[in-house]
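To keep things clear, I will list the structure first and then write my remarks on it.
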Amino acid sequence: MTETNENNQNTIGKALILGILSSTATLITAIIGSSTTQIVDFFRRFIEMFSTLISLLLFRHNLHETSAEKIHSNNQKVNLVINNTLILSGILMIIVGIAKYRMGLGHKNVVPGFFVSLLGVILNFYFCIKYSRSLKRQYEPIIKSQYNLFKTKTIVDSCVLLTVGIMIIFPDFAYLDLIDFISSVLVSIVLCFRGIRHLIKKS
């Protein structure tokens, strides 16, 4: 195993651990805050964590695979899983967001969610840099897919952070729940757009 491949494997492993921790933390803050954006954000993080697990398993398989055709097939599977994950997350956010808004369910304490989202932005941006540097040294399709995933995660977490920040700064604003709903819809559009875009480019 080359040093680059070992570093890539370690990076994906760390990203998987981050996914598990962030999913758990987001679930807790979603229950506390009862925010549409945070609730659907938990589902998004959980699905993304699962796609990172698939990426790690297939990346490890490629390291010991001698068939170029099989390696290419694994790379395609990872690309398909990650981009379908983005699309599925986006669709899920729209469905849950609309349902919760129509039922008139508001939000509660979103301060814990703010710090979870802030940490998410920082860590996801860190992994973006790690994957970007690795791609400059050596192009690897699975690492490219992971880079696209974490780049999207950084954008989405920034949107969530902004929404929760507005809730904290203006707690008595009459249209907070509407802003919460609109944010979840905008995030879902970003997820679907980037997932479809990357699928089309690969096809």
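Every chain in the structure tokens takes a letter, A first, then B, and so on in the order presented; its residues are numbered from 1, and the ligands are numbered from 1 following the presented order.
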
Item to check | For segment 158-173 of chain A: contacts at 7 Å, only C-alpha atoms, fewer than 4 positions along chain excluded, given as a list in words | outcome: Thr37, Val110, Val111, Phe114, Ser117, Leu118, Val121, Thr154, Asp180, Ser183 and Val187 of chain A

Item to check | Ile82 of chain A surroundings by only C-alpha atoms, 8 Å radius, close-in-sequence under 4 positions cut, as a list in words | outcome: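 Near Ile82 of chain A, the qualifying residues are Glu48, Ser51, Thr52, Val78, Leu86, Ser145, Gln146, Leu149 and Gly195 of chain A.
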
Item to check | Closest of A:Ser73, A:Ser132, A:Pro141, A:Val116 to Thr29 of chain A - atom-to-atom distances counting only C-alpha atoms | outcome: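 Using only C-alpha atoms, the shortest distance to Thr29 of chain A belongs to A:Val116.
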
When DSSP works through the backbone of this structure, what residues of segment 101-177 of chain A end up as helix (DSSP H, G or I), shown as a short mmCIF file (atom, residue, chain, number, x, y, z; two decimals) with C-alpha atoms, in the first residue's frame?
data_model
loop_
_atom_site.label_atom_id
_atom_site.label_comp_id
_atom_site.auth_asym_id
_atom_site.auth_seq_id
_atom_site.Cartn_x
_atom_site.Cartn_y
_atom_site.Cartn_z
CA TYR A 101 -44.70 23.14 8.60
CA ARG A 102 -48.27 22.21 7.65
CA VAL A 111 -28.62 26.75 20.75
CA PRO A 112 -27.09 23.22 20.97
CA GLY A 113 -27.87 22.77 17.27
CA PHE A 114 -26.02 25.98 16.46
CA PHE A 115 -22.78 24.68 17.94
CA VAL A 116 -23.22 21.26 16.29
CA SER A 117 -23.72 22.98 12.91
CA LEU A 118 -20.72 25.25 13.50
CA LEU A 119 -18.55 22.24 14.29
CA GLY A 120 -19.94 20.52 11.19
CA VAL A 121 -18.91 23.42 8.95
CA ILE A 122 -15.39 23.44 10.39
CA LEU A 123 -14.84 19.68 10.19
CA ASN A 124 -16.41 19.23 6.75
CA PHE A 125 -14.27 22.07 5.39
CA TYR A 126 -11.24 20.35 6.93
CA PHE A 127 -12.03 17.13 5.05
CA CYS A 128 -12.59 19.11 1.85
CA ILE A 129 -9.04 20.42 2.16
CA LYS A 130 -7.67 16.94 2.96
CA TYR A 131 -9.36 15.35 -0.06
CA SER A 132 -8.41 18.25 -2.32
CA ARG A 133 -4.73 17.94 -1.41
CA SER A 134 -4.84 14.19 -1.95
CA LEU A 135 -6.38 14.63 -5.41
CA LYS A 136 -3.60 17.03 -6.36
CA ARG A 137 -1.02 14.37 -5.50
CA PRO A 141 -12.23 8.36 -8.18
CA ILE A 142 -13.48 7.37 -4.72
CA ILE A 143 -11.61 10.24 -3.12
CA LYS A 144 -13.09 12.55 -5.75
CA SER A 145 -16.58 11.33 -4.83
CA GLN A 146 -15.83 11.90 -1.15
CA TYR A 147 -14.54 15.39 -1.96
CA ASN A 148 -17.78 16.21 -3.77
CA LEU A 149 -19.78 14.87 -0.82
CA PHE A 150 -17.94 16.91 1.80
CA LYS A 151 -17.98 20.02 -0.36
CA THR A 152 -21.77 19.74 -0.49
CA LYS A 153 -21.92 18.96 3.24
CA THR A 154 -19.99 22.17 3.95
CA ILE A 155 -22.45 24.23 1.90
CA VAL A 156 -25.47 22.57 3.52
CA ASP A 157 -24.11 22.91 7.07
CA SER A 158 -23.46 26.60 6.39
CA CYS A 159 -27.13 27.04 5.42
CA VAL A 160 -28.26 25.22 8.56
CA LEU A 161 -25.88 27.31 10.68
CA LEU A 162 -27.27 30.54 9.20
CA THR A 163 -30.87 29.50 9.85
CA VAL A 164 -30.26 28.46 13.44
CA GLY A 165 -28.24 31.63 14.00
CA ILE A 166 -31.19 33.76 12.89
CA MET A 167 -33.44 31.87 15.34
CA ILE A 168 -31.06 32.67 18.19
CA ILE A 169 -30.52 36.33 17.32
CA LEU A 176 -39.08 32.13 12.26
CA ASP A 177 -40.92 28.90 11.50
#

Item to check | Surrounding residues of segment 13-23 of chain A excluding itself and chain neighbours under 5 positions, 7 Å, only C-alpha atoms, as a VMD selection string | outcome: chain A and resid 42 45 to 46 49 52 to 53 56

Checklist entry - Leaving out Asn5 of chain A and any residue of its chain fewer than 5 positions from it, which residues lie within 10 Å of it when counting only C-alpha atoms, given as JSON, numbers by chain? => result {"A": [10, 11, 59, 60, 63, 134, 138, 140, 143]}

Write out the residues from the selection above, keeping all heavy atoms, as a PDB file, in the first residue's frame.
ATOM      1  N   ASN A  10      -7.113   6.337   5.805  1.00  0.00           N
ATOM      2  CA  ASN A  10      -7.232   6.905   7.145  1.00  0.00           C
ATOM      3  C   ASN A  10      -8.198   8.094   7.156  1.00  0.00           C
ATOM      4  O   ASN A  10      -8.970   8.266   8.103  1.00  0.00           O
ATOM      5  CB  ASN A  10      -5.861   7.343   7.667  1.00  0.00           C
ATOM      6  CG  ASN A  10      -4.942   6.173   7.965  1.00  0.00           C
ATOM      7  OD1 ASN A  10      -5.405   5.058   8.216  1.00  0.00           O
ATOM      8  ND2 ASN A  10      -3.640   6.405   7.934  1.00  0.00           N
ATOM      9  N   THR A  11      -8.140   8.891   6.091  1.00  0.00           N
ATOM     10  CA  THR A  11      -9.017  10.055   6.009  1.00  0.00           C
ATOM     11  C   THR A  11     -10.484   9.643   5.915  1.00  0.00           C
ATOM     12  O   THR A  11     -11.345  10.204   6.592  1.00  0.00           O
ATOM     13  CB  THR A  11      -8.654  10.929   4.788  1.00  0.00           C
ATOM     14  OG1 THR A  11      -7.295  11.375   4.904  1.00  0.00           O
ATOM     15  CG2 THR A  11      -9.569  12.158   4.711  1.00  0.00           C
ATOM     16  N   PHE A  59     -13.120   1.183  -1.117  1.00  0.00           N
ATOM     17  CA  PHE A  59     -11.758   1.694  -1.278  1.00  0.00           C
ATOM     18  C   PHE A  59     -10.751   0.652  -0.798  1.00  0.00           C
ATOM     19  O   PHE A  59      -9.740   0.392  -1.458  1.00  0.00           O
ATOM     20  CB  PHE A  59     -11.578   2.999  -0.494  1.00  0.00           C
ATOM     21  CG  PHE A  59     -10.222   3.630  -0.683  1.00  0.00           C
ATOM     22  CD1 PHE A  59      -9.957   4.424  -1.789  1.00  0.00           C
ATOM     23  CD2 PHE A  59      -9.209   3.426   0.245  1.00  0.00           C
ATOM     24  CE1 PHE A  59      -8.701   4.999  -1.972  1.00  0.00           C
ATOM     25  CE2 PHE A  59      -7.960   3.991   0.069  1.00  0.00           C
ATOM     26  CZ  PHE A  59      -7.707   4.781  -1.041  1.00  0.00           C
ATOM     27  N   ARG A  60     -11.038   0.032   0.344  1.00  0.00           N
ATOM     28  CA  ARG A  60     -10.166  -1.024   0.856  1.00  0.00           C
ATOM     29  C   ARG A  60     -10.136  -2.213  -0.094  1.00  0.00           C
ATOM     30  O   ARG A  60      -9.083  -2.831  -0.308  1.00  0.00           O
ATOM     31  CB  ARG A  60     -10.652  -1.471   2.239  1.00  0.00           C
ATOM     32  CG  ARG A  60     -10.340  -0.494   3.360  1.00  0.00           C
ATOM     33  CD  ARG A  60     -10.862  -1.011   4.686  1.00  0.00           C
ATOM     34  NE  ARG A  60     -10.446  -0.173   5.798  1.00  0.00           N
ATOM     35  CZ  ARG A  60     -10.814  -0.367   7.066  1.00  0.00           C
ATOM     36  NH1 ARG A  60     -11.613  -1.393   7.357  1.00  0.00           N
ATOM     37  NH2 ARG A  60     -10.395   0.433   8.018  1.00  0.00           N
ATOM     38  N   LEU A  63      -7.803  -1.660  -3.009  1.00  0.00           N
ATOM     39  CA  LEU A  63      -6.377  -1.730  -2.697  1.00  0.00           C
ATOM     40  C   LEU A  63      -5.814  -3.129  -2.925  1.00  0.00           C
ATOM     41  O   LEU A  63      -4.622  -3.296  -3.187  1.00  0.00           O
ATOM     42  CB  LEU A  63      -6.131  -1.308  -1.241  1.00  0.00           C
ATOM     43  CG  LEU A  63      -6.431   0.160  -0.905  1.00  0.00           C
ATOM     44  CD1 LEU A  63      -6.185   0.415   0.574  1.00  0.00           C
ATOM     45  CD2 LEU A  63      -5.571   1.097  -1.752  1.00  0.00           C
ATOM     46  N   SER A 134      -5.113  15.556  -1.502  1.00  0.00           N
ATOM     47  CA  SER A 134      -4.840  14.188  -1.950  1.00  0.00           C
ATOM     48  C   SER A 134      -5.041  14.052  -3.454  1.00  0.00           C
ATOM     49  O   SER A 134      -4.251  13.394  -4.143  1.00  0.00           O
ATOM     50  CB  SER A 134      -5.755  13.203  -1.211  1.00  0.00           C
ATOM     51  OG  SER A 134      -5.563  11.887  -1.678  1.00  0.00           O
ATOM     52  N   GLN A 138      -2.533  12.662  -6.330  1.00  0.00           N
ATOM     53  CA  GLN A 138      -2.891  11.485  -7.138  1.00  0.00           C
ATOM     54  C   GLN A 138      -4.403  11.421  -7.278  1.00  0.00           C
ATOM     55  O   GLN A 138      -5.123  11.405  -6.274  1.00  0.00           O
ATOM     56  CB  GLN A 138      -2.365  10.213  -6.459  1.00  0.00           C
ATOM     57  CG  GLN A 138      -2.785   8.912  -7.141  1.00  0.00           C
ATOM     58  CD  GLN A 138      -2.298   7.699  -6.383  1.00  0.00           C
ATOM     59  OE1 GLN A 138      -1.167   7.660  -5.886  1.00  0.00           O
ATOM     60  NE2 GLN A 138      -3.151   6.700  -6.275  1.00  0.00           N
ATOM     61  N   GLU A 140      -7.893   9.898  -7.560  1.00  0.00           N
ATOM     62  CA  GLU A 140      -8.533   8.650  -7.132  1.00  0.00           C
ATOM     63  C   GLU A 140     -10.050   8.875  -7.163  1.00  0.00           C
ATOM     64  O   GLU A 140     -10.559   9.741  -6.450  1.00  0.00           O
ATOM     65  CB  GLU A 140      -8.060   8.287  -5.725  1.00  0.00           C
ATOM     66  CG  GLU A 140      -8.858   7.202  -5.031  1.00  0.00           C
ATOM     67  CD  GLU A 140      -8.856   5.897  -5.780  1.00  0.00           C
ATOM     68  OE1 GLU A 140      -7.755   5.418  -6.129  1.00  0.00           O
ATOM     69  OE2 GLU A 140      -9.958   5.374  -6.036  1.00  0.00           O
ATOM     70  N   ILE A 143     -11.962   9.036  -3.865  1.00  0.00           N
ATOM     71  CA  ILE A 143     -11.605  10.240  -3.115  1.00  0.00           C
ATOM     72  C   ILE A 143     -12.285  11.460  -3.740  1.00  0.00           C
ATOM     73  O   ILE A 143     -12.731  12.371  -3.034  1.00  0.00           O
ATOM     74  CB  ILE A 143     -10.078  10.432  -3.085  1.00  0.00           C
ATOM     75  CG1 ILE A 143      -9.418   9.264  -2.349  1.00  0.00           C
ATOM     76  CG2 ILE A 143      -9.708  11.749  -2.409  1.00  0.00           C
ATOM     77  CD1 ILE A 143      -9.905   9.074  -0.920  1.00  0.00           C
TER      78      ILE A 143
END

Item to check | Shortest interatomic distance to Leu191 of chain A - which of A:Thr66, A:Thr26, A:Thr4, A:Asn83, counting only C-alpha atoms | outcome: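 Checking each of A:Thr66, A:Thr26, A:Thr4, A:Asn83 against Leu191 of chain A, counting only C-alpha atoms, the winner is A:Asn83.
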